[in-house]
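Note sheet for the following structure.
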Amino acid sequence: MLDLTRAFTGCPVGPLKYLVLPHTTLIAYPSADAVIVLNASTLALVRVLALREVFPGTRQAVSCLVVDPALKVIVVSTGTRIAAWSLSGVQSNTFRVHSSLILPDGDPVTALDCRAGLLAIGSQKGLSVFTLILENDLLTWSQKWFTVAFTPRSVAFSPTLAYIAITTLDATQVRVYSTASGVENQVISHPRPVSDVIWRCSSTSRGDDPVLFTVTSDSVLRIFLPVVDSPHRLQLHLAIDPSSSLTPSNTLGISSYSASKIIWLDKEIIGPVIKTLLEGSPVGGRNAEMEKLREIDEEKSDLFVRVFEDGSLVLSAVANIDRKPPTLLRHFIVSRSPPGAIYPLPSNIYILPRVELTMLTLVTSPPLRTFEVLASSLLSGRADSFQLCAAGPDKLPLQDSKISHFVRTPAGRGVAIVREGGGETWMVADSGANLFQVDSWSSADHVVVLDGGKLIATYSADDSKLLLHSSPPSSEHESIIGVTDEMSILHIHISTTACPTLVLHSCEALPLPKRPKLILPVDPMAWSGTAVSVYDHLLSISDDGELRFWDLEHNKNSGWRCTGRVRTGRSKFTNARCSSAKKSVLVTRDADGQELTIWDSNESEFASGLEHRRIFSAAEPIHDLDWTSTPDNQSILAVGFTHHVELLCQQRKTYFDDDPAWVIYCKVEIGNFTPFPISDSIWLANGSFLVGAGHQMFLFSQVPSPRDTSECSLFESVARSSGPLDDYHPQMLLQCLLWGKISLVKQIIVRMAQIFRTSNEFHWKPLPIEEYYGKEWTIRRAKPYDFLVGSTNQGKSSEGQGFSHALVGSLIERLETYPLSHLTPNEHAHLIVLIQTTLEIDEQRRALDANGFRYVLSMRSFYILNRRIASDPNSPQSGGDIARKTGWRDRLRYRDMIWAFHSESQDILLNESVAACNGKMLWSDARALGVFIWLNSVDVMKSHMETIARNQYMCGELRDPTACSLFYFALGKFKLVHGLWRQAVWHKEQAIMLKFLSNDFTTPRWKTAALKNAYVLLSKQRFEYAVAFFLLGGSLKDAVNVCIKQLSDFQLAIALARVVEQGNDGPVFQGILKNTVLPMAVGGGNKWLCSWAFWMLRRRDLSVRVLLTPLQDIVNAFGINVKDVGEPYFDDPSLALLFSQLRSKTLQTATGTSEISAKSEFNFVLQVARVFCRMGCHALALDLVRSWSFERPTALSAVDLKSPPSPQISRRSLTTDPFLLRRTSSIMIDMDVDSRTPSGQNTPKAQSTVREEEPDRLARKAGLGSLMKSAKHDIQVPEFDINAFF
């Protein structure tokens, strides 16, 4: 994950303010038009307080800053405006606007102090005090008094709030005013300018008597105490000169005493520390250091720390300040530390408390640094007192200038920060966790940074000059590409000589038919991480949204070469970016806001290139786009908004749920610590992410926590969500099973069990890629006599190879006890069921064919997922248990139903389906499994419908006949329903129904009566019962119309039509297919359902062609009535499986295959391979492109029709073409061989521009014609002979 590792908020130029909280201490300092609040111990950013929060549009710099420790309020001023924020929240980092105040024009604020709701304001015209009041539920400041005075430079309340001390611009006098009246009480003159004024505050102080410390420019500390007879006046009691802190031995290295700094240690901070040290000291011990501390504690002495220019520290104490009447103050040295403890000498030093009372925090500014101080070492003067914890950035000339945008080097190891008044270059350090400045420039319109940030080129539009600002590049291939206003491309080479020069290599336009609307650079973040030497450099976008990728060739025919294009159909785009992996993102204006689309460069008739689409509200505009790439070339997109950035990564496709292709991996939020809008954001090397807002930069990096080793980095997490899968991953196992690699799956399962036997930790070693090659389906097609003839070899091979029931049982038990890491609960559950299903299929492999196996796999995964979601109280999303946002699914996918439809093991599939429903299948279960879509036998359908009717009746406690009537009426069992009504004595309609059902519904009169009752039930919205009465009245067409229109259940309509019409050729069922199923499938882009519908319509040529043909062509040829054609769904590798099965199954399917061009089939296979890669199954993608056969029927030999015992022509006897010999099954004649056109009258024809037919298509048509002519011979079907089977 990305965490904020460094905030570049500028270096403070003046004193800091601090706020002590129960569990932490905050420091604050002004920076341009904002206040930076940091954690004193770590310098971690807590909050940026911007004046624009209180006064929108204000860009003036903060002039004064003060903290009220009682109310926890930060008050700042700029000009005549004053703004205040108060701290709230348990985490001590939530600031809200407290109040505001505006002084009259022409009287800007020069000094501020705030204590306990009193606000002292020093302005150009004088001094005023305001009090905080509540007016109309709003906190406001009310002026208490104003007095004309010399312009104050600083103001400070006394601890009792009775006095105010100010220093003026002449700085040699301290003026003391009465807080109550505003009367000037005293003027204290000093021989030198006063640099600091401190009121002494202590819980053991002398009542209301004020004690004032002043520090002058010569570093002399003076202590002023009240006069005995006049307590409101102060007099000097002690002056501590820097020389008094030195001995002759340590004055040699100090050139000037005035360069030293002295600070008073607040007794509220140091007092508890001393007490803790004394309590922890041994009782009765004679330690000189502890004795000195005990003396300081008993005499209530005040401690002072003086730091000299050589970095040495002197700790001294002043005793007797609290005594009454005051006696002679005694100053003595407590300890001295050697030089170098703090170096260089800072302008300001602060000693602050920590949670650990034995420790202190020392903060210096500038430079901004924080030290961890062991209190005992500090008080004893040991050299190991200070340990540097964090250091802030150095002061930069342009640190208060607003950031405009970023420009990085191609590899992201250097970045240029372009500001309003110029800019600077920075280099990435500490594996992306830090940046340090390299160079700067004054101003430029365009900037290029190369060579890791060491090389800068700037272009100014005023003089049209490109200037180079650095040493020669270290690389020989550094060059710059520029785009002119006329869309000409400049290629400028940078020489590597001692005096580098810029050489114009070429100037030419892209070879486009018309001028592009936009030319953008391709993001080069992946160039340095791959071995590929040829990359795209530019992306051009036309007015109609066509993307073209361009590479610069360096051979003899040097120039720009187009490497690919994508037609997006988008216009009015506002932003675009292209990654080095050829992923492009477009932002276009939409009626609903902004449309963000992500495109892949691999465009074909099977993939439009569109991978992701999302609409953003116009109220949340997209400001910035930027790409980066992981080491394995996975792309990550950063989408920048006003106060946050969304990081999108490509999600691995899966059969387990329907997540979008791109998901939000995480959000980079800056709104919780800065109010400035994001001006730009950019990816850097090592996965670091830099965000600019206002004049500050925030660096996010993927530095793993040393305490949490389980937390993975950004790149690792993205690789796990979209990269190649492990061999044992359920997604990989599922695809291997679907594609017939059962032996490989069994091998993986055995290896998993072996790993668990030998080790408690699971460490998987990837299988060699060759293991995925050449694995054929090992479950042969089921035949009728498989159930009659036993097999003596069944079950032996599995045991011999180590795959057994015992092994699988122990492995599943181990997985349930210790789930595998990096698998979500959803994936882990599927892994277990796949292992169990593999065992069961292996045990019954003699009876179940390949398609039946695929159906059983999908059905079990379907029920597992639904049970997991239903068992979670937070359904339907399953809360945090399932990582992906899966939801409840009402039914199997049509893909899985079609597998069952083409299976020859439907009896087993029906039994498995009933068992999955706990032995009692209701109509809702049959609809979810698509039973009446895939069943082929009319007798089985009728028998199963009767079973469903019985289960519907028995499922309720009251045994309601209305629940099963429509099924029994479809079966024609009117008397049975009449008998059920006799038992329904509790039903209010029993008498009416008994009387009505006792009539003869074969006569027209009672049929009409049933239909009238059906319409009455329709008006009462009792739709299911209305369907039953339509069936009772013999109106099947009306019954199915109610199912489709009112019940939205086309499967119920199909079931009724197929059962009532006793097959698939009835007019009602054919009408459902043409008027409901096909329009619905085409509108949804569902090619599986389209293929099934055409198969049932006896157009099996179209059943194959629809898998690879654009749906619009099918609509035009077949006359399907549909408003919109849905986006065809080709992101399913199983489409290739279905196509490979159907293309040579019958004469019609062979005819449809002949109409598909080799180029289309080639692109289709490539698309399936890409989908495999998107699913993380790269090995299967490689196996697919290695093993796919493109052979077609081209020439046919004579047909010998004497031997086949059935009206089927063996492929072996028809032809020697390898295409027809790849399967051992037979090819069925399911078309009229007299047909003169290969595909019949309604063969779809492309509606696009006319082109010459490909030679391979002409050859295929000729070959198919020979096939049909050969099949035209009379077929003599011999009488049945049992000996023909042996």
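By convention here, the chains of the structure tokens are called A, B, ... in the order presented, each chain's residues are numbered starting at 1, and ligands are numbered starting at 1 in the order presented.
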
Residue contacts of range 1073-1076 of chain A (12 Å, only C-alpha atoms) excluding same-chain residues fewer than 6 positions away, as an MDAnalysis selection string = chainID A and resid 933 1040:1041 1043:1045 1048:1051 1053:1054 1057:1058 1064:1067 1082:1083 1089:1099 1115 1118:1122

Write out as a ChimeraX atom specification the residues lying within 8 Å of range 183-186 of chain A, counting only C-alpha atoms and excluding same-chain residues fewer than 3 positions away.
-> /A:175-179,232-234

Using N, CA, C and O atoms, can you write the selected residues to a file as an mmCIF file, in the first residue's frame?
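As written to disk, part_18.cif reads:
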```
data_model
loop_
_atom_site.group_PDB
_atom_site.id
_atom_site.type_symbol
_atom_site.label_atom_id
_atom_site.label_comp_id
_atom_site.auth_asym_id
_atom_site.auth_seq_id
_atom_site.Cartn_x
_atom_site.Cartn_y
_atom_site.Cartn_z
ATOM 1 N N ARG A 175 7.686 47.327 26.905
ATOM 2 C CA ARG A 175 6.609 48.105 27.512
ATOM 3 C C ARG A 175 5.594 47.144 28.120
ATOM 4 O O ARG A 175 5.192 46.176 27.480
ATOM 5 N N VAL A 176 5.184 47.420 29.352
ATOM 6 C CA VAL A 176 4.244 46.580 30.083
ATOM 7 C C VAL A 176 2.937 47.336 30.251
ATOM 8 O O VAL A 176 2.922 48.467 30.754
ATOM 9 N N TYR A 177 1.817 46.720 29.813
ATOM 10 C CA TYR A 177 0.491 47.319 29.881
ATOM 11 C C TYR A 177 -0.385 46.493 30.804
ATOM 12 O O TYR A 177 -0.186 45.290 30.974
ATOM 13 N N SER A 178 -1.389 47.164 31.365
ATOM 14 C CA SER A 178 -2.400 46.483 32.173
ATOM 15 C C SER A 178 -3.444 45.892 31.245
ATOM 16 O O SER A 178 -3.995 46.591 30.383
ATOM 17 N N THR A 179 -3.718 44.605 31.408
ATOM 18 C CA THR A 179 -4.706 43.955 30.556
ATOM 19 C C THR A 179 -6.105 44.482 30.820
ATOM 20 O O THR A 179 -6.929 44.578 29.905
ATOM 21 N N HIS A 232 3.526 46.097 41.011
ATOM 22 C CA HIS A 232 3.178 46.240 39.602
ATOM 23 C C HIS A 232 4.348 46.729 38.759
ATOM 24 O O HIS A 232 4.204 46.857 37.548
ATOM 25 N N ARG A 233 5.464 47.026 39.427
ATOM 26 C CA ARG A 233 6.641 47.442 38.694
ATOM 27 C C ARG A 233 7.717 46.373 38.829
ATOM 28 O O ARG A 233 7.829 45.696 39.843
ATOM 29 N N LEU A 234 8.502 46.235 37.768
ATOM 30 C CA LEU A 234 9.534 45.206 37.719
ATOM 31 C C LEU A 234 10.914 45.868 37.775
ATOM 32 O O LEU A 234 11.111 46.965 37.235
#
```

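The smallest atom-to-atom distance between Leu379 in chain A and any of A:Val187, A:Arg336, A:Leu362, A:Arg419, using only C-alpha atoms, is found for A:Arg336.
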
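Of the residues under consideration (A:Leu831, A:Ile223, A:Val174, A:Ile27), A:Ile223 shows the shortest atom-to-atom contact distance to Asn320 in chain A when counting only C-alpha atoms.
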
For Val1168 in chain A, find every residue with an atom within 8 Å (counting only C-alpha atoms), except residues of its own chain fewer than 5 positions away, and show them as a PDB file with N, CA, C and O atoms, in the first residue's frame.
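Heads up, here's the output in result_4.pdb:
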```
ATOM      1  N   PHE A1130     -16.783 -11.578 -25.762  1.00  0.00           N
ATOM      2  CA  PHE A1130     -15.788 -12.547 -26.211  1.00  0.00           C
ATOM      3  C   PHE A1130     -14.762 -12.859 -25.126  1.00  0.00           C
ATOM      4  O   PHE A1130     -13.805 -13.573 -25.379  1.00  0.00           O
ATOM      5  N   ASP A1131     -14.932 -12.289 -23.938  1.00  0.00           N
ATOM      6  CA  ASP A1131     -13.953 -12.501 -22.878  1.00  0.00           C
ATOM      7  C   ASP A1131     -14.236 -13.797 -22.120  1.00  0.00           C
ATOM      8  O   ASP A1131     -14.335 -13.819 -20.908  1.00  0.00           O
ATOM      9  N   ASP A1132     -14.410 -14.872 -22.852  1.00  0.00           N
ATOM     10  CA  ASP A1132     -14.705 -16.169 -22.256  1.00  0.00           C
ATOM     11  C   ASP A1132     -13.977 -17.236 -23.061  1.00  0.00           C
ATOM     12  O   ASP A1132     -14.345 -17.535 -24.195  1.00  0.00           O
ATOM     13  N   PRO A1133     -12.918 -17.828 -22.491  1.00  0.00           N
ATOM     14  CA  PRO A1133     -12.179 -18.848 -23.249  1.00  0.00           C
ATOM     15  C   PRO A1133     -13.030 -20.045 -23.640  1.00  0.00           C
ATOM     16  O   PRO A1133     -12.708 -20.736 -24.611  1.00  0.00           O
ATOM     17  N   ALA A1136     -14.134 -20.760 -27.276  1.00  0.00           N
ATOM     18  CA  ALA A1136     -13.269 -21.529 -28.179  1.00  0.00           C
ATOM     19  C   ALA A1136     -13.540 -23.026 -28.039  1.00  0.00           C
ATOM     20  O   ALA A1136     -13.493 -23.772 -29.027  1.00  0.00           O
ATOM     21  N   ALA A1181      -2.716 -20.012 -22.148  1.00  0.00           N
ATOM     22  CA  ALA A1181      -2.695 -19.185 -23.358  1.00  0.00           C
ATOM     23  C   ALA A1181      -1.620 -19.669 -24.319  1.00  0.00           C
ATOM     24  O   ALA A1181      -1.845 -19.784 -25.537  1.00  0.00           O
TER      25      ALA A1181
END
```

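Counting only C-alpha atoms and comparing A:Ile481, A:Leu1184, A:Asp463, A:Asn575, the residue that lies closest to Asp551 in chain A is A:Ile481.
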
Write out as a ChimeraX atom specification all residues of range 803-949 of chain A that backbone DSSP assigns to alpha helix (DSSP H).
-> /A:805-817,825-843,850-871,894-901,906-916,923-929,931-934,938-949

Return as a VMD selection string the full set of residues in range 451-495 of chain A whose backbone-based DSSP assignment is strand (DSSP E or B).
-> chain A and resid 455 to 460 465 to 468 479 to 483 488 to 494

Once you have the residues from the selection above, write them out as a PDB file, in the first residue's frame, restricted to C-alpha atoms.
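Ended up saving to part-v8.pdb:
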```
ATOM      1  CA  LEU A 455      20.035  17.224 -17.030  1.00  0.00           C
ATOM      2  CA  ILE A 456      17.519  20.040 -17.573  1.00  0.00           C
ATOM      3  CA  ALA A 457      16.318  21.584 -20.822  1.00  0.00           C
ATOM      4  CA  THR A 458      13.989  24.590 -20.743  1.00  0.00           C
ATOM      5  CA  TYR A 459      12.067  26.224 -23.545  1.00  0.00           C
ATOM      6  CA  SER A 460      10.815  29.815 -23.484  1.00  0.00           C
ATOM      7  CA  LYS A 465      15.003  29.076 -27.393  1.00  0.00           C
ATOM      8  CA  LEU A 466      15.686  25.642 -25.999  1.00  0.00           C
ATOM      9  CA  LEU A 467      18.403  25.847 -23.349  1.00  0.00           C
ATOM     10  CA  LEU A 468      20.406  23.072 -21.716  1.00  0.00           C
ATOM     11  CA  SER A 479      17.169  13.004 -26.933  1.00  0.00           C
ATOM     12  CA  ILE A 480      14.190  15.335 -26.813  1.00  0.00           C
ATOM     13  CA  ILE A 481      10.985  15.120 -28.844  1.00  0.00           C
ATOM     14  CA  GLY A 482       8.930  18.284 -29.285  1.00  0.00           C
ATOM     15  CA  VAL A 483       5.582  19.028 -30.894  1.00  0.00           C
ATOM     16  CA  SER A 488       5.222  18.801 -36.557  1.00  0.00           C
ATOM     17  CA  ILE A 489       7.494  16.491 -34.588  1.00  0.00           C
ATOM     18  CA  LEU A 490      10.988  17.704 -33.667  1.00  0.00           C
ATOM     19  CA  HIS A 491      13.630  15.130 -32.796  1.00  0.00           C
ATOM     20  CA  ILE A 492      16.552  16.794 -30.994  1.00  0.00           C
ATOM     21  CA  HIS A 493      19.674  14.861 -30.045  1.00  0.00           C
ATOM     22  CA  ILE A 494      21.912  15.795 -27.096  1.00  0.00           C
TER      23      ILE A 494
END
```

Considering only C-alpha atoms, state which residue in the set A:Leu1078, A:Leu892, A:Val663, A:Met697 is at the smallest distance from Asn866 in chain A.
-> A:Leu892

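Shell of range 683-695 of chain A at 7 Å, with only C-alpha atoms counted and residues fewer than 4 places along the chain excluded, is A:Gln399, A:Asp400, A:Ser401, A:Lys402, A:Ile403, A:Ala411, A:Gly412, A:Arg413, A:Ser431, A:Gly432, A:Asp626, A:Thr628, A:Phe676, A:Pro677, A:Ile678, A:Ser679, A:Leu699, A:Phe700, A:Ser701, A:Gln702.
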
Long-range neighbours of Ala963 in chain A as number ranges by chain, 10 Å cut-off, only C-alpha atoms, 3 positions minimum in chain = A: 949-956, 959-960, 966-967, 1024-1025, 1028

Which polymer residues have any atom within 8 Å of an atom of Phe150 in chain A, counting only C-alpha atoms, with same-chain residues fewer than 6 positions away left out, as an mmCIF file with all heavy atoms, in the first residue's frame?
```cif
data_model
loop_
_atom_site.group_PDB
_atom_site.id
_atom_site.type_symbol
_atom_site.label_atom_id
_atom_site.label_comp_id
_atom_site.auth_asym_id
_atom_site.auth_seq_id
_atom_site.Cartn_x
_atom_site.Cartn_y
_atom_site.Cartn_z
ATOM 1 N N GLN A 124 -0.423 48.356 13.376
ATOM 2 C CA GLN A 124 0.427 49.481 12.998
ATOM 3 C C GLN A 124 0.087 50.731 13.789
ATOM 4 O O GLN A 124 0.948 51.565 14.056
ATOM 5 C CB GLN A 124 0.296 49.743 11.488
ATOM 6 C CG GLN A 124 1.320 50.710 10.936
ATOM 7 C CD GLN A 124 1.292 50.734 9.424
ATOM 8 O OE1 GLN A 124 0.538 50.026 8.794
ATOM 9 N NE2 GLN A 124 2.124 51.571 8.833
ATOM 10 N N LYS A 125 -1.172 50.860 14.249
ATOM 11 C CA LYS A 125 -1.603 52.073 14.949
ATOM 12 C C LYS A 125 -1.578 51.925 16.463
ATOM 13 O O LYS A 125 -1.736 52.920 17.172
ATOM 14 C CB LYS A 125 -3.010 52.453 14.492
ATOM 15 C CG LYS A 125 -3.089 52.834 13.024
ATOM 16 C CD LYS A 125 -4.504 53.219 12.630
ATOM 17 C CE LYS A 125 -4.583 53.601 11.152
ATOM 18 N NZ LYS A 125 -5.968 53.955 10.738
ATOM 19 N N GLY A 126 -1.451 50.713 16.995
ATOM 20 C CA GLY A 126 -1.433 50.590 18.440
ATOM 21 C C GLY A 126 -1.681 49.190 18.925
ATOM 22 O O GLY A 126 -1.448 48.202 18.198
ATOM 23 N N THR A 168 8.750 46.948 20.730
ATOM 24 C CA THR A 168 8.445 47.792 19.574
ATOM 25 C C THR A 168 9.517 47.620 18.514
ATOM 26 O O THR A 168 10.472 46.856 18.673
ATOM 27 C CB THR A 168 8.346 49.248 20.011
ATOM 28 O OG1 THR A 168 9.578 49.625 20.649
ATOM 29 C CG2 THR A 168 7.200 49.438 21.004
ATOM 30 N N LEU A 169 9.317 48.336 17.421
ATOM 31 C CA LEU A 169 10.222 48.173 16.300
ATOM 32 C C LEU A 169 11.634 48.630 16.614
ATOM 33 O O LEU A 169 12.600 48.146 16.016
ATOM 34 C CB LEU A 169 9.673 48.935 15.080
ATOM 35 C CG LEU A 169 8.351 48.400 14.508
ATOM 36 C CD1 LEU A 169 7.895 49.235 13.342
ATOM 37 C CD2 LEU A 169 8.508 46.944 14.077
#
```

Find the residue from A:Glu611, A:Pro393, A:Thr758, A:Pro766 that sits nearest to Pro724 in chain A; use only C-alpha atoms when measuring.
-> A:Pro766

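Reported to one decimal place, the separation of CA of Ser943 in chain A from CA of Ala1009 in chain A is 28.7 Å.
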
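Nearest residue to Cys1177 in chain A, choosing from A:Ile769, A:Ile82, A:Ala288, A:Leu236 and counting only C-alpha atoms: A:Ile769.
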
Determine, counting only C-alpha atoms, which protein, DNA and RNA residues have an atom within 9 Å of an atom of Tyr535 in chain A; residues of the same chain fewer than 5 positions away are not included. Present the result as a PyMOL selection string.
-> chain A and resi 522+524+527+550-552+580

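Atom pair CA of Phe762 in chain A / CA of Arg867 in chain A has a distance of 27.7 Å (rounded to one decimal).
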
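From CA of Trp264 in chain A back to CA of Ser195 in chain A, the distance works out to 14.0 Å.
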